[in-house]
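Structure file protein.csv with CSV, C-alpha atoms and all ligand atoms:
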chain,number,residue,atom,x,y,z
A,688,MET,CA,-16.9,11.2,-5.0
A,689,ILE,CA,-13.3,10.8,-3.7
A,690,ARG,CA,-11.0,11.9,-6.5
A,691,LEU,CA,-7.9,9.8,-7.1
A,692,PHE,CA,-4.7,10.9,-8.7
A,693,LEU,CA,-2.7,7.9,-9.8
A,694,VAL,CA,1.1,8.5,-10.2
A,695,GLY,CA,2.4,5.5,-12.2
A,696,PHE,CA,0.5,3.1,-14.6
A,697,GLY,CA,2.9,0.1,-14.6
A,698,ASN,CA,2.1,-3.4,-13.4
A,699,VAL,CA,0.4,-2.2,-10.1
A,700,GLY,CA,-1.4,0.8,-11.6
A,701,ARG,CA,-2.8,-1.3,-14.5
A,702,GLU,CA,-3.9,-4.1,-12.1
A,703,LEU,CA,-5.5,-1.6,-9.8
A,704,ALA,CA,-7.4,-0.2,-12.8
A,705,ARG,CA,-8.4,-3.7,-13.8
A,706,LEU,CA,-9.7,-4.5,-10.3
A,707,LEU,CA,-11.6,-1.3,-10.1
A,708,LYS,CA,-13.4,-1.9,-13.4
A,709,ASP,CA,-13.6,-5.7,-13.7
A,710,ARG,CA,-17.4,-6.5,-13.6
A,711,SER,CA,-16.8,-9.7,-11.6
A,712,SER,CA,-14.6,-7.9,-9.0
A,713,PRO,CA,-16.2,-7.0,-5.7
A,714,PHE,CA,-14.5,-3.6,-5.9
A,715,THR,CA,-16.3,-2.3,-9.0
A,716,ASP,CA,-19.4,-1.4,-7.1
A,717,PHE,CA,-17.6,0.6,-4.4
A,718,ASN,CA,-15.4,2.2,-6.9
A,719,THR,CA,-18.3,3.4,-9.0
A,720,ARG,CA,-20.2,4.7,-6.1
A,721,HIS,CA,-17.4,6.3,-4.1
A,722,PHE,CA,-14.2,6.9,-6.2
A,723,SER,CA,-13.4,8.7,-9.4
A,724,VAL,CA,-10.0,8.5,-11.0
A,725,THR,CA,-9.4,12.0,-12.2
A,726,SER,CA,-5.7,11.8,-13.2
A,727,ILE,CA,-3.3,9.1,-14.3
A,728,ALA,CA,0.3,10.3,-14.7
A,729,THR,CA,3.3,8.4,-16.1
A,730,ARG,CA,6.8,9.6,-16.6
A,731,SER,CA,7.3,8.9,-20.3
A,732,HIS,CA,4.1,7.2,-21.5
A,733,GLY,CA,1.7,10.1,-21.5
A,734,SER,CA,-0.8,11.2,-18.9
A,735,LEU,CA,-4.6,11.7,-18.6
A,736,SER,CA,-6.6,14.2,-16.6
A,737,ALA,CA,-10.3,14.9,-16.5
A,738,ALA,CA,-12.1,16.7,-13.7
A,739,GLU,CA,-15.3,14.8,-14.4
A,740,GLY,CA,-13.4,11.4,-14.1
A,741,ILE,CA,-11.5,9.2,-16.5
A,742,ASP,CA,-13.2,6.2,-18.1
A,743,VAL,CA,-10.7,3.8,-16.5
A,744,GLN,CA,-11.7,0.8,-18.5
A,745,LYS,CA,-11.3,2.7,-21.8
A,746,ALA,CA,-7.9,4.1,-20.6
A,747,LEU,CA,-6.7,0.7,-19.6
A,748,ASN,CA,-7.7,-0.9,-22.9
A,749,TYR,CA,-6.0,1.9,-24.8
A,750,PHE,CA,-2.8,1.6,-22.8
A,751,LEU,CA,-2.8,-2.2,-23.2
A,752,GLN,CA,-3.2,-1.8,-27.0
A,753,LYS,CA,-0.9,1.1,-27.7
A,754,GLY,CA,1.6,0.8,-24.8
A,755,ARG,CA,1.0,4.4,-23.9
A,756,PHE,CA,-1.5,7.3,-23.6
A,757,ASP,CA,-1.5,9.7,-26.5
A,758,ARG,CA,-3.8,12.2,-28.3
A,759,GLY,CA,-6.2,9.5,-29.2
A,760,CYS,CA,-7.3,9.3,-25.5
A,761,ASP,CA,-9.8,11.6,-23.8
A,762,GLY,CA,-8.1,13.9,-21.3
A,763,PHE,CA,-4.6,13.3,-22.8
A,764,THR,CA,-1.9,15.7,-21.5
A,765,ASN,CA,1.8,16.0,-21.9
A,766,ALA,CA,2.2,17.9,-18.7
A,767,ALA,CA,4.9,16.6,-16.3
A,768,THR,CA,3.6,14.8,-13.2
A,769,ASP,CA,4.4,17.6,-10.7
A,770,GLU,CA,2.9,20.2,-12.9
A,771,LEU,CA,-0.3,18.2,-13.2
A,772,LEU,CA,-0.4,17.6,-9.5
A,773,GLN,CA,-0.1,21.3,-8.9
A,774,HIS,CA,-2.8,22.3,-11.4
A,775,THR,CA,-5.5,19.7,-10.9
A,776,ASP,CA,-7.7,19.1,-7.9
A,777,TYR,CA,-7.9,15.6,-6.3
A,778,ASP,CA,-8.4,14.1,-2.8
A,779,VAL,CA,-6.0,11.2,-2.7
A,780,LEU,CA,-2.5,10.8,-4.2
A,781,VAL,CA,-2.0,7.2,-5.1
A,782,ASP,CA,1.7,6.7,-5.6
A,783,LEU,CA,2.5,3.7,-7.8
A,784,SER,CA,5.7,5.0,-9.2
A,785,ALA,CA,9.0,3.1,-9.4
A,786,LEU,CA,11.5,3.2,-6.7
A,787,GLU,CA,14.3,5.7,-7.2
A,788,LEU,CA,17.3,4.7,-5.1
A,789,LYS,CA,19.9,7.0,-6.4
A,790,ASP,CA,18.2,10.1,-5.0
A,791,PHE,CA,17.2,8.3,-1.8
A,792,ALA,CA,13.6,8.5,-3.0
A,793,ARG,CA,13.7,12.2,-2.4
A,794,SER,CA,11.6,13.3,-5.4
A,795,SER,CA,8.8,10.8,-4.7
A,796,ALA,CA,8.9,11.8,-1.0
A,797,GLN,CA,8.7,15.4,-1.9
A,798,ARG,CA,5.7,14.7,-4.1
A,799,LEU,CA,4.0,13.0,-1.1
A,800,GLU,CA,5.0,15.9,1.1
A,801,ARG,CA,3.5,18.5,-1.2
A,802,ALA,CA,0.3,16.5,-1.4
A,803,LEU,CA,0.0,16.2,2.4
A,804,ARG,CA,0.7,19.9,2.8
A,805,ALA,CA,-2.1,20.6,0.3
A,806,GLY,CA,-4.4,18.6,2.5
A,807,LYS,CA,-4.6,15.4,0.4
A,808,HIS,CA,-4.5,11.8,1.7
A,809,VAL,CA,-1.6,9.7,0.5
A,810,VAL,CA,-1.5,6.0,-0.4
A,811,THR,CA,1.8,4.6,-1.7
A,812,ALA,CA,3.1,1.2,-2.9
A,813,ASN,CA,6.5,2.8,-3.5
A,814,LYS,CA,8.9,1.6,-0.7
A,815,GLY,CA,11.4,4.5,-1.1
A,816,PRO,CA,9.5,7.3,0.6
A,817,ILE,CA,8.5,5.2,3.6
A,818,ALA,CA,11.9,3.6,4.0
A,819,PHE,CA,13.9,6.8,3.7
A,820,HIS,CA,11.5,9.6,4.9
A,821,TYR,CA,8.9,7.9,7.1
A,822,GLN,CA,9.2,10.1,10.2
A,823,LYS,CA,9.0,13.3,8.3
A,824,LEU,CA,6.0,12.2,6.3
A,825,LYS,CA,4.2,10.6,9.3
A,826,THR,CA,4.6,13.8,11.4
A,827,LEU,CA,3.3,15.9,8.5
A,828,ALA,CA,0.4,13.6,7.9
A,829,GLN,CA,-0.5,13.8,11.6
A,830,LYS,CA,-0.2,17.6,11.6
A,831,GLN,CA,-2.4,17.8,8.5
A,832,GLN,CA,-4.8,15.2,9.9
A,833,ARG,CA,-4.5,13.2,6.7
A,834,LYS,CA,-3.8,9.5,6.1
A,835,LEU,CA,-0.5,8.2,5.0
A,836,LEU,CA,-1.0,4.6,4.1
A,837,PHE,CA,1.4,2.1,2.5
A,838,GLU,CA,0.1,-1.5,2.9
A,839,SER,CA,1.5,-2.7,-0.4
A,840,THR,CA,5.1,-1.7,0.4
A,841,VAL,CA,5.8,-4.9,2.3
A,842,MET,CA,4.6,-8.5,1.4
A,843,ASP,CA,2.5,-7.3,-1.5
A,844,GLY,CA,-0.6,-6.2,0.3
A,845,THR,CA,-0.7,-8.7,3.2
A,846,PRO,CA,-2.4,-6.7,5.9
A,847,ILE,CA,0.6,-6.2,8.1
A,848,PHE,CA,0.2,-2.5,8.9
A,849,ASN,CA,-3.5,-2.8,9.2
A,850,MET,CA,-3.0,-5.6,11.7
A,851,TYR,CA,-0.3,-3.7,13.5
A,852,ARG,CA,-2.3,-0.4,13.8
A,853,ALA,CA,-5.6,-2.1,14.8
A,854,ALA,CA,-5.2,-5.5,16.4
A,855,LEU,CA,-1.6,-4.9,17.8
A,856,ALA,CA,-2.2,-1.4,18.9
A,857,GLY,CA,-1.4,-2.3,22.5
A,858,ALA,CA,1.5,-4.6,21.8
A,859,THR,CA,5.3,-4.0,21.5
A,860,VAL,CA,7.4,-5.6,18.8
A,861,LYS,CA,10.8,-6.8,20.0
A,862,GLN,CA,12.1,-8.4,16.8
A,863,PHE,CA,11.0,-9.5,13.4
A,864,SER,CA,12.4,-11.6,10.6
A,865,GLY,CA,11.3,-13.0,7.4
A,866,ILE,CA,11.7,-13.8,3.7
A,867,LEU,CA,10.5,-10.5,2.2
A,868,ASN,CA,12.0,-10.5,-1.3
A,869,SER,CA,10.0,-12.8,-3.6
A,870,THR,CA,12.5,-12.4,-6.5
A,871,THR,CA,15.6,-13.7,-4.8
A,872,ASN,CA,13.5,-16.5,-3.2
A,873,PHE,CA,12.1,-17.5,-6.6
A,874,LEU,CA,15.6,-17.4,-8.1
A,875,LEU,CA,17.0,-19.6,-5.3
A,876,GLY,CA,14.2,-22.1,-6.0
A,877,GLU,CA,15.0,-22.1,-9.7
A,878,LEU,CA,18.8,-22.7,-9.0
A,879,GLU,CA,17.8,-25.6,-6.7
A,880,SER,CA,16.0,-27.1,-9.7
A,881,GLY,CA,19.1,-26.7,-11.8
A,882,VAL,CA,18.0,-23.7,-13.9
A,883,GLU,CA,20.8,-21.3,-14.8
A,884,LEU,CA,20.6,-17.8,-13.3
A,885,PRO,CA,20.0,-15.8,-16.6
A,886,ALA,CA,17.1,-18.1,-17.5
A,887,ALA,CA,15.7,-17.9,-14.0
A,888,LEU,CA,15.9,-14.1,-14.1
A,889,ASP,CA,14.1,-14.0,-17.4
A,890,LYS,CA,11.3,-16.2,-16.0
A,891,ALA,CA,11.0,-13.9,-13.0
A,892,ARG,CA,10.8,-10.9,-15.3
A,893,ARG,CA,8.0,-12.5,-17.3
A,894,LEU,CA,6.1,-13.1,-14.1
A,895,GLY,CA,6.3,-9.4,-13.4
A,896,MET,CA,8.3,-10.1,-10.2
A,897,VAL,CA,11.5,-8.1,-10.8
A,898,GLU,CA,11.8,-4.5,-9.8
A,899,ALA,CA,12.3,-2.0,-12.8
A,900,ASP,CA,16.0,-2.2,-11.8
A,901,ALA,CA,16.8,-5.8,-11.1
A,902,ASN,CA,19.8,-4.8,-8.9
A,903,HIS,CA,17.3,-3.6,-6.4
A,904,ASP,CA,16.4,-7.2,-5.9
A,905,LEU,CA,19.7,-8.9,-6.5
A,906,GLN,CA,21.8,-6.6,-4.3
A,907,GLY,CA,19.3,-6.9,-1.4
A,908,TRP,CA,18.0,-3.4,-1.6
A,909,ASP,CA,14.3,-4.4,-1.8
A,910,ALA,CA,14.6,-6.6,1.3
A,911,ALA,CA,16.7,-3.9,3.1
A,912,LEU,CA,14.0,-1.2,2.4
A,913,LYS,CA,11.3,-3.5,3.6
A,914,SER,CA,13.3,-4.1,6.8
A,915,ALA,CA,13.7,-0.4,7.1
A,916,ILE,CA,9.9,0.2,6.7
A,917,LEU,CA,9.1,-2.4,9.3
A,918,CYS,CA,11.6,-0.9,11.8
A,919,ASN,CA,10.3,2.6,11.1
A,920,VAL,CA,6.8,1.5,11.8
A,921,PHE,CA,7.2,-1.1,14.6
A,922,PHE,CA,9.9,0.8,16.5
A,923,ASP,CA,8.7,4.3,15.5
A,924,THR,CA,12.0,5.4,14.3
A,925,GLN,CA,13.8,6.5,11.1
A,926,ILE,CA,16.4,4.0,9.9
A,927,ASP,CA,19.0,4.9,7.3
A,928,PRO,CA,18.5,2.1,4.8
A,929,PHE,CA,22.1,2.6,3.5
A,930,GLN,CA,23.4,1.5,6.9
A,931,ILE,CA,21.6,-1.8,6.8
A,932,PRO,CA,24.1,-4.7,6.2
A,933,ARG,CA,23.0,-6.5,3.1
A,934,ASP,CA,24.0,-9.9,1.7
A,935,SER,CA,23.7,-9.8,-2.1
A,936,PHE,CA,22.7,-12.5,-4.6
A,937,GLU,CA,26.1,-12.0,-6.2
A,938,ARG,CA,27.6,-13.9,-3.3
A,939,ILE,CA,25.9,-17.1,-4.3
A,940,THR,CA,27.0,-19.7,-6.8
A,941,PRO,CA,24.8,-22.5,-8.2
A,942,GLU,CA,27.2,-24.9,-6.4
A,943,ASP,CA,26.4,-23.3,-3.0
A,944,VAL,CA,22.7,-23.9,-3.7
A,945,GLN,CA,23.2,-27.5,-4.8
A,946,LYS,CA,25.6,-28.2,-1.8
A,947,ALA,CA,22.9,-27.0,0.6
A,948,LYS,CA,20.3,-29.0,-1.2
A,949,LYS,CA,22.3,-32.3,-1.0
A,950,ALA,CA,22.7,-31.7,2.8
A,951,GLY,CA,18.9,-31.4,3.1
A,952,LYS,CA,19.2,-27.6,3.7
A,953,ARG,CA,18.2,-24.5,1.8
A,954,LEU,CA,19.8,-21.1,1.2
A,955,LYS,CA,17.4,-18.2,2.0
A,956,PHE,CA,17.7,-14.5,2.3
A,957,VAL,CA,16.4,-13.5,5.7
A,958,ALA,CA,15.6,-9.9,6.5
A,959,GLY,CA,15.0,-8.7,10.0
A,960,GLY,CA,15.1,-6.0,12.6
A,961,SER,CA,15.3,-5.8,16.4
A,962,HIS,CA,14.8,-3.3,19.2
A,963,GLU,CA,16.6,-4.3,22.3
A,964,ASN,CA,18.3,-2.4,25.1
A,965,GLY,CA,17.6,0.8,23.3
A,966,GLN,CA,19.4,-0.3,20.2
A,967,ILE,CA,17.7,-0.7,16.8
A,968,LYS,CA,19.3,-3.0,14.2
A,969,ALA,CA,18.2,-4.2,10.8
A,970,TRP,CA,19.8,-6.7,8.4
A,971,VAL,CA,19.5,-8.8,5.3
A,972,LYS,CA,21.4,-12.1,5.7
A,973,LEU,CA,22.0,-15.1,3.5
A,974,GLN,CA,21.3,-18.1,5.8
A,975,VAL,CA,21.5,-21.9,5.4
A,976,LEU,CA,18.3,-23.2,6.9
A,977,LYS,CA,17.6,-26.7,8.2
A,978,ALA,CA,14.4,-28.5,7.3
A,979,ASP,CA,12.8,-27.7,10.7
A,980,HIS,CA,13.2,-24.0,10.3
A,981,PRO,CA,9.8,-22.2,9.9
A,982,PHE,CA,11.1,-20.4,6.7
A,983,PHE,CA,12.4,-23.6,5.1
A,984,SER,CA,9.3,-24.4,3.1
A,985,VAL,CA,8.6,-20.8,1.9
A,986,ASP,CA,8.9,-21.3,-1.8
A,987,ALA,CA,9.1,-19.2,-4.9
A,988,SER,CA,7.3,-15.9,-4.7
A,989,SER,CA,5.9,-16.7,-1.2
A,990,SER,CA,6.9,-14.6,1.8
A,991,ILE,CA,6.9,-15.0,5.5
A,992,LEU,CA,7.1,-12.6,8.4
A,993,GLN,CA,7.7,-13.7,12.0
A,994,ILE,CA,7.0,-11.0,14.7
A,995,GLU,CA,8.2,-11.5,18.2
A,996,LEU,CA,6.2,-9.4,20.7
A,997,LYS,CA,6.8,-8.5,24.3
A,998,ASN,CA,4.3,-10.4,26.6
A,999,LEU,CA,2.5,-12.0,23.6
A,1000,ALA,CA,3.2,-15.1,21.6
A,1001,THR,CA,5.2,-14.9,18.4
A,1002,LEU,CA,3.1,-14.3,15.3
A,1003,THR,CA,3.9,-15.8,11.9
A,1004,ILE,CA,2.3,-14.5,8.7
A,1005,VAL,CA,2.8,-16.5,5.5
A,1006,GLN,CA,1.7,-15.3,2.1
A,1007,ARG,CA,1.6,-18.1,-0.4
A,1008,HIS,CA,2.3,-17.3,-4.1
A,1009,PRO,CA,0.9,-13.8,-4.3
A,1010,THR,CA,0.2,-12.2,-7.6
A,1011,ILE,CA,0.1,-8.6,-8.7
A,1012,THR,CA,-3.6,-8.7,-7.7
A,1013,ASP,CA,-2.5,-8.9,-4.0
A,1014,THR,CA,-0.4,-5.8,-4.4
A,1015,ALA,CA,-3.2,-3.9,-6.1
A,1016,TYR,CA,-5.6,-5.1,-3.3
A,1017,GLY,CA,-3.2,-3.6,-0.7
A,1018,VAL,CA,-3.8,-0.2,-2.4
A,1019,ILE,CA,-7.6,-0.9,-2.4
A,1020,SER,CA,-7.5,-1.7,1.3
A,1021,ASP,CA,-5.8,1.6,2.0
A,1022,LEU,CA,-8.4,3.4,-0.1
A,1023,LEU,CA,-11.1,1.7,1.9
A,1024,GLN,CA,-9.6,3.1,5.1
A,1025,ILE,CA,-9.9,6.6,3.6
A,1026,LEU,CA,-13.4,5.9,2.4
A,1027,LYS,CA,-14.3,5.1,6.0
A,1028,ILE,CA,-13.2,8.6,7.1
A,1029,TYR,CA,-15.4,10.2,4.5
A,1030,LYS,CA,-18.4,8.0,5.6
A,1031,GLU,CA,-17.8,8.8,9.3
A,1032,ARG,CA,-17.7,12.5,8.5
A,1033,LYS,CA,-21.0,12.2,6.7
A,1034,THR,CA,-22.7,10.6,9.7
A,1035,GLN,CA,-21.4,13.2,12.2
B,1,LIG,N1,5.1,-5.2,-9.0
B,1,LIG,C1,5.0,-5.7,-7.7
B,1,LIG,O1,4.7,-6.8,-7.5
B,1,LIG,C2,5.1,-4.7,-6.6
B,1,LIG,C3,4.8,-5.2,-5.3
B,1,LIG,C4,4.9,-4.3,-4.2
B,1,LIG,C5,5.3,-3.0,-4.4
B,1,LIG,N2,5.6,-2.6,-5.6
B,1,LIG,C6,6.0,-1.2,-5.8
B,1,LIG,O2,4.9,-0.5,-6.5
B,1,LIG,C7,5.5,0.5,-7.4
B,1,LIG,C8,4.9,0.2,-8.8
B,1,LIG,O3,5.4,-1.0,-9.2
B,1,LIG,P1,5.2,-1.5,-10.7
B,1,LIG,O4,5.6,-2.9,-10.7
B,1,LIG,O5,3.9,-1.0,-11.2
B,1,LIG,O6,6.3,-0.6,-11.4
B,1,LIG,P2,6.5,-0.4,-13.0
B,1,LIG,O7,5.8,-1.4,-13.8
B,1,LIG,O8,8.0,-0.1,-13.2
B,1,LIG,O9,5.7,1.0,-13.2
B,1,LIG,C9,6.2,2.2,-12.6
B,1,LIG,C10,5.3,3.3,-13.1
B,1,LIG,O10,5.7,4.5,-12.4
B,1,LIG,C11,5.7,5.5,-13.4
B,1,LIG,N3,6.6,6.6,-13.0
B,1,LIG,C12,7.9,6.6,-12.5
B,1,LIG,N4,8.2,7.9,-12.2
B,1,LIG,C13,7.2,8.7,-12.4
B,1,LIG,C14,6.9,10.0,-12.3
B,1,LIG,N5,7.9,10.9,-11.9
B,1,LIG,N6,5.7,10.5,-12.6
B,1,LIG,C15,4.7,9.7,-13.0
B,1,LIG,N7,4.9,8.4,-13.2
B,1,LIG,C16,6.1,7.9,-12.9
B,1,LIG,C17,6.3,4.8,-14.7
B,1,LIG,O11,6.1,5.6,-15.8
B,1,LIG,P3,7.1,5.4,-17.1
B,1,LIG,O12,6.9,3.9,-17.5
B,1,LIG,O13,6.6,6.3,-18.1
B,1,LIG,O14,8.5,5.6,-16.6
B,1,LIG,C18,5.4,3.6,-14.6
B,1,LIG,O15,4.1,3.9,-15.1
B,1,LIG,C19,7.0,0.4,-7.3
B,1,LIG,O16,7.5,1.3,-6.4
B,1,LIG,C20,7.2,-1.0,-6.7
B,1,LIG,O17,8.4,-1.1,-6.0
B,1,LIG,C21,5.5,-3.4,-6.7
What do you get writing this file as structure tokens?
Ligand SMILES: NC(=O)c1ccc[n+]([C@@H]2O[C@H](COP(=O)([O-])OP(=O)(O)OC[C@H]3O[C@@H](n4cnc5c(N)ncnc54)[C@H](OP(=O)(O)O)[C@@H]3O)[C@@H](O)[C@H]2O)c1
Amino acid sequence: MIRLFLVGFGNVGRELARLLKDRSSPFTDFNTRHFSVTSIATRSHGSLSAAEGIDVQKALNYFLQKGRFDRGCDGFTNAATDELLQHTDYDVLVDLSALELKDFARSSAQRLERALRAGKHVVTANKGPIAFHYQKLKTLAQKQQRKLLFESTVMDGTPIFNMYRAALAGATVKQFSGILNSTTNFLLGELESGVELPAALDKARRLGMVEADANHDLQGWDAALKSAILCNVFFDTQIDPFQIPRDSFERITPEDVQKAKKAGKRLKFVAGGSHENGQIKAWVKLQVLKADHPFFSVDASSSILQIELKNLATLTIVQRHPTITDTAYGVISDLLQILKIYKERKTQ
């Protein structure tokens, strides 16, 4: 059994738990045979740990009912996450914790670093560590011969990094651009329909689309971090996300949106990055797009990524109306890669 330590039991963590246990889900079988969730840590909602494996369905039901873990749950502990990580054994750290911008994602990156040093594999949906500390973590993972996987960090689990590592292994990316933040794209659509911003934001929150700190979306941080991650991986570099010029939602008025609409155009936040003449640049720009632009029809929570390659045709990947299931699936696809290593080792 591959033992999983989940850090975070928010929207993504709970959906992952649901997918792993849902009888109609194709993942239940592989989960039961190959994976065992041995710890679930939260920051302020209690944690669980059981060497023999947690009954994930029971834990999920309890959390949904009570809103937290407490003494009524098998394996309950009040131990802090890092203490628990230090004193329990596991094989894969699955980081589903919230983004901490103010410390440049240092504490979450340190957690991943300690796990890699201890010989664990790491899967993360948290953008912070990969945007701010990619090179350090990647080098350590290579040295330790462990996986560092993060499919869910960009476009909610769309297989971008899987595709890049496997199918595009021999190709070179020149430039990329796309609509990468669902929240602002959704809000722009609501403003186009005449909805006021506070009501639109409430709706986005109810749909589970807004980051724990809404400013991460509104001020362009989420899109900037995704650009940073794509630059880090595509151009094998370490971008400083704070240096990325960002247009913020605060620049927009409902009148701007309506004016564009009347002219048959749309306002969109476009994030991008390029590597040309030895220079790497990243950006998040508010653009007025005409109807023939490939990003024009990307609505609501949908995303698009266009990748320009040297010597190969441009690729465009569109993800239409993803849900939290897509994000949780990105984590599962990373776990499947780790499972493959275990299976290969067994057959050697
Ligand atoms: N939601 C999406 O659609 C989506 C899509 C792609 C990527 N992501 C990323 O995936 C991650 C999880 O997203 P989410 O929507 O599940 O966030 P969320 O609902 O805010 O949940 C975050 C979870 O992390 C826990 N946490 C924070 N710091 C912790 C620590 N030091 N130790 C243990 N647990 C800690 C929180 O515990 P407390 O509640 O007790 O503080 C909570 O359980 C985020 O980094 C997000 O950016 C989310």
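Distance annotation: of A:Val724, A:Val897, A:Leu706, A:Ile1004, the residue with the minimal separation from ligand LIG 1 (chain B) is A:Val897; atom set is only C-alpha atoms and all ligand atoms.
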Just want the residues within 8 Å of ligand LIG 1 (chain B), written as a ChimeraX atom specification, counting all atoms listed in the file. /A:694-701,728-733,767-769,782-786,794-795,811-815,839-844,895-899,909,1010-1011,1014
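Taking atom CA of Gln906 of chain A as the reference point, atom CA of Lys789 of chain A is found at 13.9 Å.
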Given the point (12.0, 6.0, 8.1) in the coordinates of this file, which residues lie within 9 Å, counting all atoms listed in the file, and how would they look as a list in words? Pro816, Ile817, Ala818, Phe819, His820, Tyr821, Gln822, Lys823, Leu824, Ala915, Ile916, Leu917, Cys918, Asn919, Val920, Asp923, Thr924, Gln925, Ile926, Asp927 and Pro928 of chain A
Using all atoms listed in the file, give me every residue within 9 Å of (28.6, -21.1, -11.5) in file coordinates, as a compact mmCIF listing (two decimals) with C-alpha atoms, in the frame of the given file.
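The resulting file, selection-v9.txt, is shown below:
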# COMPACT_ATOMS: atom_id res chain seq x y z
CA GLU A 883 20.80 -21.30 -14.80
CA LEU A 884 20.60 -17.80 -13.30
CA ILE A 939 25.90 -17.10 -4.30
CA THR A 940 27.00 -19.70 -6.80
CA PRO A 941 24.80 -22.50 -8.20
CA GLU A 942 27.20 -24.90 -6.40
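Between atom CA of Phe863 of chain A and atom CA of Ala901 of chain A the separation is 25.4 Å.
Interatomic distance, atom CA of Gln930 of chain A against atom CA of Ile967 of chain A: 11.6 Å.
Among the candidate residues A:Pro846, A:Gly762, A:Pro1009, A:Gly1017, the one lying nearest to Ala987 of chain A is A:Pro1009, with distances computed using all atoms listed in the file.
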Shell of 8 Å around Phe873 of chain A, all atoms listed in the file, local chain residues under 6 positions omitted, as number ranges by chain: A: 891, 986-988
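If all atoms listed in the file are the atoms counted, then among A:Leu1026, A:Leu874, A:Leu894, A:Val860 the closest residue to Lys997 of chain A is A:Val860.
The protein and nucleic acid residues lying at most 10 Å from Val975 of chain A are A:Asp943, A:Val944, A:Ala947, A:Lys948, A:Lys952, A:Arg953, A:Leu954, A:Lys955, A:Phe956, A:Val957, A:Lys972, A:Ala978, A:His980, A:Phe983, with only C-alpha atoms considered and sequence neighbours fewer than 3 positions away removed.
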Among the residues A:Phe756, A:Thr859, A:Arg892, A:Val809, the one that comes closest to Ala796 of chain A [using all atoms listed in the file]: A:Val809
